[in-house]
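Asker: First the structure, which I've put down as structure tokens, then a few questions once you've had a look.
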Amino acid sequence: MAEVIITPTAATQLDAMPRPIQARMVGLFERLRKWPEVSGARQLSGNLAGHYRIRTGDYRLQFRIEGKTVKVEKIGHRAKFYKD
């Protein structure tokens, strides 16, 4: 089992989401605890190489792996997720 850590930025983004989406994100956190046996996770490329994303509907969660820790860095809607 991996430990899931949520960065302060991701926690703020999560708090700003509607309650039903927050519940879906918590479900993703539970899935990430089973890393690396997580279905649907995709490795990112380019300037995000070394990071992964997993989605639920139109929302994305970006994370990276540090040993046995999954560090959630960003949460957002797909329309603005990769623009920063």
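If you're wondering about the labels, chains in the structure tokens are A, B, ... by order shown, residues count from 1 in each chain, ligands from 1 in order shown.
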Mind checking which residues fall within 10 Å of region 15-19 of chain A, counting only C-alpha atoms, ignoring those fewer than 4 positions away in the same chain, and posting them as an NGL selection string?

Answerer: :A and (10-11 or 23-25 or 75-77)

Asker: Got a sec: who's within 12 Å of Ile65 (chain A), counting only C-alpha atoms, leaving out chain neighbours fewer than 3 positions off, as a list of chain:residue names?

Answerer: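 Residues near the query, excluding close chain neighbours: A:Ala2, A:Glu3, A:Val4, A:Ile5, A:Leu32, A:Arg33, A:Trp35, A:Pro36, A:Ala41, A:Gln43, A:Ala49, A:Gly50, A:His51, A:Tyr52, A:Arg53, A:Gln62, A:Lys68, A:Thr69, A:Val70, A:Lys71, A:Val72, A:Glu73.
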
Asker: Could you turn the residues from that selection into a file that holds N, CA and C atoms, as a PDB file, in the first residue's frame?

Answerer:
```
ATOM      1  N   ALA A   2       0.501   2.184  -0.839  1.00  0.00           N
ATOM      2  CA  ALA A   2       1.214   3.454  -0.917  1.00  0.00           C
ATOM      3  C   ALA A   2       0.536   4.481  -0.009  1.00  0.00           C
ATOM      4  N   GLU A   3       1.325   5.423   0.429  1.00  0.00           N
ATOM      5  CA  GLU A   3       0.788   6.543   1.202  1.00  0.00           C
ATOM      6  C   GLU A   3       0.442   7.642   0.210  1.00  0.00           C
ATOM      7  N   VAL A   4      -0.748   8.224   0.314  1.00  0.00           N
ATOM      8  CA  VAL A   4      -1.174   9.299  -0.569  1.00  0.00           C
ATOM      9  C   VAL A   4      -1.072  10.611   0.193  1.00  0.00           C
ATOM     10  N   ILE A   5      -0.285  11.535  -0.370  1.00  0.00           N
ATOM     11  CA  ILE A   5      -0.107  12.867   0.226  1.00  0.00           C
ATOM     12  C   ILE A   5      -0.684  13.893  -0.734  1.00  0.00           C
ATOM     13  N   LEU A  32      -5.472   5.203  -5.553  1.00  0.00           N
ATOM     14  CA  LEU A  32      -4.034   5.458  -5.624  1.00  0.00           C
ATOM     15  C   LEU A  32      -3.272   4.791  -4.489  1.00  0.00           C
ATOM     16  N   ARG A  33      -3.937   4.478  -3.402  1.00  0.00           N
ATOM     17  CA  ARG A  33      -3.276   3.769  -2.300  1.00  0.00           C
ATOM     18  C   ARG A  33      -2.787   2.394  -2.743  1.00  0.00           C
ATOM     19  N   TRP A  35      -1.212   1.752  -5.506  1.00  0.00           N
ATOM     20  CA  TRP A  35      -0.164   1.909  -6.519  1.00  0.00           C
ATOM     21  C   TRP A  35       0.867   0.809  -6.390  1.00  0.00           C
ATOM     22  N   PRO A  36       1.307   0.181  -7.428  1.00  0.00           N
ATOM     23  CA  PRO A  36       1.176   0.472  -8.859  1.00  0.00           C
ATOM     24  C   PRO A  36       0.045  -0.277  -9.550  1.00  0.00           C
ATOM     25  N   ALA A  41      -4.352   5.109 -14.892  1.00  0.00           N
ATOM     26  CA  ALA A  41      -3.318   6.131 -14.696  1.00  0.00           C
ATOM     27  C   ALA A  41      -2.468   6.205 -15.957  1.00  0.00           C
ATOM     28  N   GLN A  43       0.971   8.044 -17.815  1.00  0.00           N
ATOM     29  CA  GLN A  43       2.198   8.810 -17.620  1.00  0.00           C
ATOM     30  C   GLN A  43       2.170  10.008 -18.558  1.00  0.00           C
ATOM     31  N   ALA A  49       6.979  15.227 -17.815  1.00  0.00           N
ATOM     32  CA  ALA A  49       7.547  13.882 -17.743  1.00  0.00           C
ATOM     33  C   ALA A  49       7.851  13.538 -16.283  1.00  0.00           C
ATOM     34  N   GLY A  50       7.553  12.323 -15.902  1.00  0.00           N
ATOM     35  CA  GLY A  50       7.744  11.892 -14.520  1.00  0.00           C
ATOM     36  C   GLY A  50       6.493  12.045 -13.675  1.00  0.00           C
ATOM     37  N   HIS A  51       5.465  12.655 -14.235  1.00  0.00           N
ATOM     38  CA  HIS A  51       4.183  12.820 -13.557  1.00  0.00           C
ATOM     39  C   HIS A  51       3.158  11.911 -14.219  1.00  0.00           C
ATOM     40  N   TYR A  52       2.070  11.668 -13.501  1.00  0.00           N
ATOM     41  CA  TYR A  52       0.978  10.849 -13.997  1.00  0.00           C
ATOM     42  C   TYR A  52      -0.316  11.619 -13.831  1.00  0.00           C
ATOM     43  N   ARG A  53      -1.341  11.147 -14.545  1.00  0.00           N
ATOM     44  CA  ARG A  53      -2.676  11.695 -14.335  1.00  0.00           C
ATOM     45  C   ARG A  53      -3.668  10.557 -14.345  1.00  0.00           C
ATOM     46  N   GLN A  62      -3.432  15.113 -11.046  1.00  0.00           N
ATOM     47  CA  GLN A  62      -2.029  14.922 -11.433  1.00  0.00           C
ATOM     48  C   GLN A  62      -1.234  14.531 -10.201  1.00  0.00           C
ATOM     49  N   LYS A  68       7.507   5.007  -2.031  1.00  0.00           N
ATOM     50  CA  LYS A  68       6.211   4.371  -1.772  1.00  0.00           C
ATOM     51  C   LYS A  68       5.132   5.405  -1.469  1.00  0.00           C
ATOM     52  N   THR A  69       5.381   6.631  -1.907  1.00  0.00           N
ATOM     53  CA  THR A  69       4.440   7.721  -1.667  1.00  0.00           C
ATOM     54  C   THR A  69       3.885   8.231  -2.994  1.00  0.00           C
ATOM     55  N   VAL A  70       2.586   8.444  -3.030  1.00  0.00           N
ATOM     56  CA  VAL A  70       1.929   9.071  -4.175  1.00  0.00           C
ATOM     57  C   VAL A  70       1.627  10.499  -3.753  1.00  0.00           C
ATOM     58  N   LYS A  71       2.202  11.452  -4.450  1.00  0.00           N
ATOM     59  CA  LYS A  71       2.043  12.864  -4.101  1.00  0.00           C
ATOM     60  C   LYS A  71       1.105  13.531  -5.104  1.00  0.00           C
ATOM     61  N   VAL A  72      -0.110  13.868  -4.661  1.00  0.00           N
ATOM     62  CA  VAL A  72      -1.110  14.531  -5.505  1.00  0.00           C
ATOM     63  C   VAL A  72      -0.751  16.009  -5.566  1.00  0.00           C
ATOM     64  N   GLU A  73      -0.515  16.497  -6.788  1.00  0.00           N
ATOM     65  CA  GLU A  73      -0.039  17.865  -6.973  1.00  0.00           C
ATOM     66  C   GLU A  73      -1.085  18.832  -7.510  1.00  0.00           C
TER      67      GLU A  73
END
```

Asker: Identify, with DSSP run on backbone atoms, the residues in region 11-76 of chain A assigned to alpha helix (DSSP H), and express the list as an MDAnalysis selection string.

Answerer: chainID A and resid 11:15 19:32

Asker: From chain A, collect each residue whose DSSP state is strand (DSSP E or B) and return the set as JSON, numbers by chain.

Answerer: {"A": [3, 4, 5, 6, 42, 43, 51, 52, 53, 54, 55, 56, 59, 60, 61, 62, 63, 64, 65, 66, 69, 70, 71, 72, 73, 74, 75, 76, 77]}

Asker: Find the distance between CA of Gln22 (chain A) and CA of Arg64 (chain A) and write it in Å to one decimal.

Answerer: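 Pair CA of Gln22 (chain A) / CA of Arg64 (chain A) returns 20.0 Å.
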
Asker: Write out as a ChimeraX atom specification the residues lying within 8 Å of Arg55 (chain A), counting only C-alpha atoms and excluding same-chain residues fewer than 3 positions away.

Answerer: /A:40-41,58-61

Asker: Using only C-alpha atoms, pick whichever of A:Thr7, A:Ile54, A:Lys74, A:Phe63 has the shortest atom-to-atom distance to Val38 (chain A).

Answerer: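 Of A:Thr7, A:Ile54, A:Lys74, A:Phe63, the one nearest Val38 (chain A) is A:Ile54, counting only C-alpha atoms.
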